[in-house]
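One structure is given here, and the rest of the page talks about it.
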Amino acid sequence: MLKKISFLFFFSFLLISGLFAQVQRNIEFDVLGQPSWEMVIPMEEKGLLLLEKTDLTKLNVYCFDKELNKVWEKVVFLDTENKPKAYSIDPHRISFMFSETSGMYYQVFRFDLDSGDLWQQGFELRDFFVDEDYVFLDHSLLMAGHDKEGATFFLQDFESGKGEIVDEGKVKGQVTVNQFNFIPGSDNLECVWGVREFGYANEKKKKGQFVKNAYLVYGLLDREGHLLKKTEVKQEKGNFPVHGQMVDMGNGQRAMLGTYQSNVGDKGVFVAFPESTMPMQTFSYTRLLNGEKALSVKELEEIIKNYQFLPNRPLYSDNRLLFGGTFVKAQFKTVSNNSPGYYSPYGGGLYNPYGFGNSNYSSKSIFQGYHYPVGIFMEFAETGEMLGNYRIDINNVSFHLEPMLAYNQKGAVSYCLGGDLAANNFNIGTKPLLYKLGNGRPENEKVKENEKEFLPGYNGVKFWYDNYFIAIGGKNKIEASSVSDVKTQRKRSGIFGRKSGENPNAYTQIRKTIYLTKIASGI
């Protein structure tokens, strides 16, 4: 539940060469407890949703309009602790699908965007099916995923209560769903699959497995999951596309942007046009990671070899294709534990018949978060030629796997930088403009890792619509409270003792302040 709402208006403008980054509005509110996860869902000019998992069973859902005025809030009860597997938006509703285990029990929640009215349903899927994405239809749900043979779909009809696998066997191999959504202005759906085919050094004994081919498949589907048309995007000059997303360029033209890997180990970004004869164009990470301050050969090799590129959704605006993302790697720390073993009454000395010590030593890996060293942002012409590319040094660590930067339709980029919110318009310079939350973050003082959660700071930013971004931040605070009607006895102590008395029973609780900030950049 919202505990308080306070609206802060900011009238200072950051002007450079007639272009500026402007904080439109910032709101803050408190939630009791320490949410296990939170999720911001921009819905273009319809507003945005904020999801906060406040305890084991409760999920708070807040809806705001495009001016960050609260429209409604709801509390729903979940049988799962994880974030939604996927969500689906239409002009009047948004739906979420939750599942603790793939292929078992699913919960579906659908909210009316105007009133917040909730419709919910659950269903089971007993067939072998790995779900990856879905779209919500009028009275049914279509999930995209795969089985052991290749791509497949599952259609759940909520009016009849029946579900069925839709498998036409037209996309074979080890597949992953890269994209699944309605085509703008159409009743048809589109899906992009990444496909890998394997070979064996010893085909007879099936030993020495290796990837012999990788390509992408773009499919056009009807509302029941039947494949109407498919187009394959294959390797060119030894560069194999491994992940891709479609973007609408208007006038019936569409482009695919994604990542590739060559047969000699080179990696990078590609631009292709599946529905035309234009060739695929590729751009290596070695080129894209050039920046104002050059990376060392060791740093460059480390990023390309050991980090994964996490792409944002491509955009099309002003006759340009915009694409970018961040490099990420999961970090682990090895910790040695001195865990008590067999207890010996003889101790750990020479007279211990069980050995010279009574402890067992072990080590384990502890997850330290995801490291995001750098991001990249690129602009392409409608024919795929590179117009500009920029490296953004971030060096963030987060426990959430999601893009750490965003870009809008004007070509401006926003990202989190040490708890501050940065906005950068590369058309006028490479130095970012920074916005700080409150006065709680020391300027030059190094903050300890265990103190960061108690200082206000930004932890994520997303593209909203047009030239607007939405950023989310927060801070935790510990409150000490006492309950006067529950008291503990103070007992006598020492030789002479003390007089007995009563003390109130004290406890502490955590309260989190959440910040939502709307900024405009690239006007």
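Residues are named by chain letter and number: chains run A, B, ... in the order of the structure tokens, numbers start at 1 in each chain, and ligands are numbered from 1 in the order shown.
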For Gly411 of chain A, work out the shell of residues within 8 Å, counting only C-alpha atoms and skipping chain neighbours fewer than 3 positions away, then give it as a ChimeraX atom specification.
/A:322,407-408,425-426,522
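By chain and then residue number, the residues within 9 Å of Met97 of chain A are Pro84, Lys85, Ala86, Tyr87, Ser88, Tyr106, Gln107, Val108, Phe109, Arg110 and Tyr134 of chain A, counting only C-alpha atoms and disregarding those fewer than 6 positions away in sequence.
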Filtering to N, CA, C and O atoms, could you give me those residues as a compact mmCIF listing (two decimals), in the first residue's frame?
```
# COMPACT_ATOMS: atom_id res chain seq x y z
N PRO A 84 7.15 -12.00 -13.19
CA PRO A 84 6.32 -12.61 -14.22
C PRO A 84 7.16 -13.16 -15.36
O PRO A 84 8.17 -12.57 -15.74
N LYS A 85 6.72 -14.29 -15.90
CA LYS A 85 7.42 -14.90 -17.03
C LYS A 85 7.38 -13.95 -18.24
O LYS A 85 8.33 -13.90 -19.01
N ALA A 86 6.27 -13.25 -18.38
CA ALA A 86 6.11 -12.32 -19.49
C ALA A 86 4.88 -11.46 -19.21
O ALA A 86 4.13 -11.72 -18.27
N TYR A 87 4.70 -10.42 -20.02
CA TYR A 87 3.48 -9.62 -19.93
C TYR A 87 3.04 -9.23 -21.33
O TYR A 87 3.82 -9.25 -22.28
N SER A 88 1.77 -8.89 -21.44
CA SER A 88 1.17 -8.58 -22.74
C SER A 88 0.27 -7.36 -22.58
O SER A 88 -0.52 -7.29 -21.64
N TYR A 106 0.35 -22.28 -13.93
CA TYR A 106 0.50 -20.89 -14.32
C TYR A 106 -0.62 -20.06 -13.69
O TYR A 106 -1.75 -20.52 -13.57
N GLN A 107 -0.28 -18.83 -13.32
CA GLN A 107 -1.26 -17.84 -12.87
C GLN A 107 -1.26 -16.68 -13.86
O GLN A 107 -0.20 -16.18 -14.25
N VAL A 108 -2.45 -16.26 -14.25
CA VAL A 108 -2.60 -15.15 -15.18
C VAL A 108 -3.43 -14.06 -14.52
O VAL A 108 -4.51 -14.33 -13.99
N PHE A 109 -2.91 -12.82 -14.51
CA PHE A 109 -3.62 -11.67 -13.98
C PHE A 109 -3.79 -10.65 -15.11
O PHE A 109 -2.83 -10.32 -15.80
N ARG A 110 -5.01 -10.15 -15.26
CA ARG A 110 -5.27 -9.15 -16.28
C ARG A 110 -5.96 -7.95 -15.63
O ARG A 110 -6.98 -8.09 -14.96
N TYR A 134 4.59 -14.96 -24.46
CA TYR A 134 3.18 -15.19 -24.76
C TYR A 134 2.51 -13.89 -25.18
O TYR A 134 3.04 -12.79 -24.96
```
Please list as a PyMOL selection string every residue within 8 Å of segment 390-405 of chain A, counting only C-alpha atoms and excluding residues in the same chain fewer than 2 positions away.
chain A and resi 288-291+310-312+325-326+368-378+388+407+413-418+426+459-462
For the structure I just gave you, how does DSSP split segment 157-251 of chain A - specifically, which residues are strand (DSSP E)? Reply as a PyMOL selection string.
chain A and resi 157+162-166+174-182+189-202+207-221+227-233+239-250
Option closest in space to Thr517 of chain A, from A:Phe111, A:Glu67, A:Asp55, A:Trp37 [counting only C-alpha atoms]
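Among the listed residues, A:Glu67 lies closest to Thr517 of chain A.
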Using only C-alpha atoms, find each residue in segment 97-133 of chain A having at least one atom no more than 8 Å away from segment 152-176 of chain A; report its shortest atom-to-atom pair and that distance in Å (one decimal), rows by chain then rising number, as CSV.
```
residue,atom,partner,partner_atom,distance
A:Gln121,CA,A:Phe158,CA,7.9
A:Leu125,CA,A:Gly163,CA,7.9
A:Glu132,CA,A:Thr176,CA,7.7
```
Selection near Leu48 of chain A, 8 Å with only C-alpha atoms, sequence-local residues under 5 positions removed, as a list of chain:residue names:
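With the cut-off at 8 Å, the set is A:Val40, A:Ile41, A:Pro42, A:Met43, A:Cys63, A:Phe64, A:Asp65, A:Lys66.
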How about saving the chosen residues, C-alpha atoms kept, as an mmCIF file, in the first residue's frame?
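Resulting contents of selection-v7.cif:
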```
data_model
loop_
_atom_site.group_PDB
_atom_site.id
_atom_site.type_symbol
_atom_site.label_atom_id
_atom_site.label_comp_id
_atom_site.auth_asym_id
_atom_site.auth_seq_id
_atom_site.Cartn_x
_atom_site.Cartn_y
_atom_site.Cartn_z
ATOM 1 C CA VAL A 40 8.674 -0.891 -14.107
ATOM 2 C CA ILE A 41 6.603 -1.371 -17.276
ATOM 3 C CA PRO A 42 6.354 1.695 -19.553
ATOM 4 C CA MET A 43 3.178 1.692 -21.665
ATOM 5 C CA CYS A 63 -0.712 2.429 -12.222
ATOM 6 C CA PHE A 64 0.374 5.975 -13.153
ATOM 7 C CA ASP A 65 -0.588 8.172 -16.081
ATOM 8 C CA LYS A 66 2.019 9.801 -18.315
#
```
At a cut-off of 7 Å, using only C-alpha atoms, what residues contact Lys58 of chain A? Leave out same-chain residues fewer than 4 positions from it and give the result as a ChimeraX atom specification.
/A:53-54,75-78
Counting only C-alpha atoms, which residue out of A:Asp266, A:Asp187, A:Glu275, A:Asp127 sits closest to Lys305 of chain A?
A:Asp266
List the neighbours of segment 245-254 of chain A out to 9 Å using only C-alpha atoms; skip same-chain residues closer than 6 positions along the sequence, and give me the result as a list in words.
Asn178, Gln179, Ile183, Pro184, Glu190, Cys191, Val192, Tyr218, Phe273, Pro274, Glu275, Ser276, Arg313, Pro314, Leu315, Tyr316, Ser317, Asn319, Arg320, Leu321 and Glu382 of chain A
Create the file for the chosen residues now, containing N, CA and C atoms and written as an mmCIF file, in the first residue's frame.
```
data_model
loop_
_atom_site.group_PDB
_atom_site.id
_atom_site.type_symbol
_atom_site.label_atom_id
_atom_site.label_comp_id
_atom_site.auth_asym_id
_atom_site.auth_seq_id
_atom_site.Cartn_x
_atom_site.Cartn_y
_atom_site.Cartn_z
ATOM 1 N N ASN A 178 13.329 -15.195 -29.548
ATOM 2 C CA ASN A 178 13.923 -13.863 -29.373
ATOM 3 C C ASN A 178 12.878 -12.774 -29.263
ATOM 4 N N GLN A 179 11.724 -12.969 -29.933
ATOM 5 C CA GLN A 179 10.688 -11.937 -29.980
ATOM 6 C C GLN A 179 9.360 -12.588 -30.335
ATOM 7 N N ILE A 183 1.874 -7.748 -34.686
ATOM 8 C CA ILE A 183 2.418 -6.800 -35.651
ATOM 9 C C ILE A 183 1.565 -5.535 -35.586
ATOM 10 N N PRO A 184 2.175 -4.358 -35.419
ATOM 11 C CA PRO A 184 1.389 -3.120 -35.319
ATOM 12 C C PRO A 184 0.423 -2.963 -36.493
ATOM 13 N N GLU A 190 4.030 -12.004 -34.984
ATOM 14 C CA GLU A 190 5.346 -12.310 -35.524
ATOM 15 C C GLU A 190 6.213 -12.926 -34.442
ATOM 16 N N CYS A 191 7.119 -13.784 -34.862
ATOM 17 C CA CYS A 191 8.015 -14.452 -33.925
ATOM 18 C C CYS A 191 9.395 -14.564 -34.572
ATOM 19 N N VAL A 192 10.425 -14.360 -33.763
ATOM 20 C CA VAL A 192 11.806 -14.551 -34.209
ATOM 21 C C VAL A 192 12.420 -15.634 -33.332
ATOM 22 N N TYR A 218 12.364 -15.827 -39.042
ATOM 23 C CA TYR A 218 11.298 -14.855 -38.823
ATOM 24 C C TYR A 218 10.001 -15.467 -39.322
ATOM 25 N N PHE A 273 17.597 -7.384 -43.500
ATOM 26 C CA PHE A 273 16.262 -7.068 -44.003
ATOM 27 C C PHE A 273 15.659 -8.357 -44.563
ATOM 28 N N PRO A 274 15.013 -9.163 -43.701
ATOM 29 C CA PRO A 274 14.554 -10.501 -44.101
ATOM 30 C C PRO A 274 13.599 -10.505 -45.289
ATOM 31 N N GLU A 275 12.850 -9.433 -45.473
ATOM 32 C CA GLU A 275 11.846 -9.422 -46.536
ATOM 33 C C GLU A 275 12.321 -8.679 -47.786
ATOM 34 N N SER A 276 13.623 -8.459 -47.911
ATOM 35 C CA SER A 276 14.183 -7.806 -49.091
ATOM 36 C C SER A 276 15.462 -8.527 -49.494
ATOM 37 N N ARG A 313 15.531 -3.111 -27.064
ATOM 38 C CA ARG A 313 14.646 -3.211 -28.212
ATOM 39 C C ARG A 313 15.033 -2.145 -29.241
ATOM 40 N N PRO A 314 15.231 -2.497 -30.512
ATOM 41 C CA PRO A 314 15.575 -1.487 -31.518
ATOM 42 C C PRO A 314 14.416 -0.530 -31.776
ATOM 43 N N LEU A 315 14.743 0.699 -32.182
ATOM 44 C CA LEU A 315 13.752 1.720 -32.495
ATOM 45 C C LEU A 315 13.993 2.253 -33.902
ATOM 46 N N TYR A 316 12.936 2.816 -34.471
ATOM 47 C CA TYR A 316 13.052 3.504 -35.756
ATOM 48 C C TYR A 316 12.457 4.897 -35.604
ATOM 49 N N SER A 317 13.233 5.907 -35.966
ATOM 50 C CA SER A 317 12.772 7.286 -35.828
ATOM 51 C C SER A 317 13.580 8.186 -36.742
ATOM 52 N N ASN A 319 13.999 8.440 -39.898
ATOM 53 C CA ASN A 319 14.747 7.741 -40.957
ATOM 54 C C ASN A 319 16.029 7.092 -40.453
ATOM 55 N N ARG A 320 16.057 6.758 -39.165
ATOM 56 C CA ARG A 320 17.226 6.098 -38.580
ATOM 57 C C ARG A 320 16.794 4.869 -37.793
ATOM 58 N N LEU A 321 17.675 3.875 -37.787
ATOM 59 C CA LEU A 321 17.514 2.705 -36.926
ATOM 60 C C LEU A 321 18.408 2.905 -35.711
ATOM 61 N N GLU A 382 18.648 3.679 -43.143
ATOM 62 C CA GLU A 382 17.580 2.747 -43.509
ATOM 63 C C GLU A 382 18.093 1.581 -44.345
#
```
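In this structure, atom CA of Ser296 of chain A sits 17.8 Å away from atom CA of Lys267 of chain A.
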Could you tell me which of A:Asp30, A:Glu149, A:Asp114, A:Glu100 comes closest to Gly47 of chain A if we count only C-alpha atoms?
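So, comparing all the options, the nearest one is A:Asp114.
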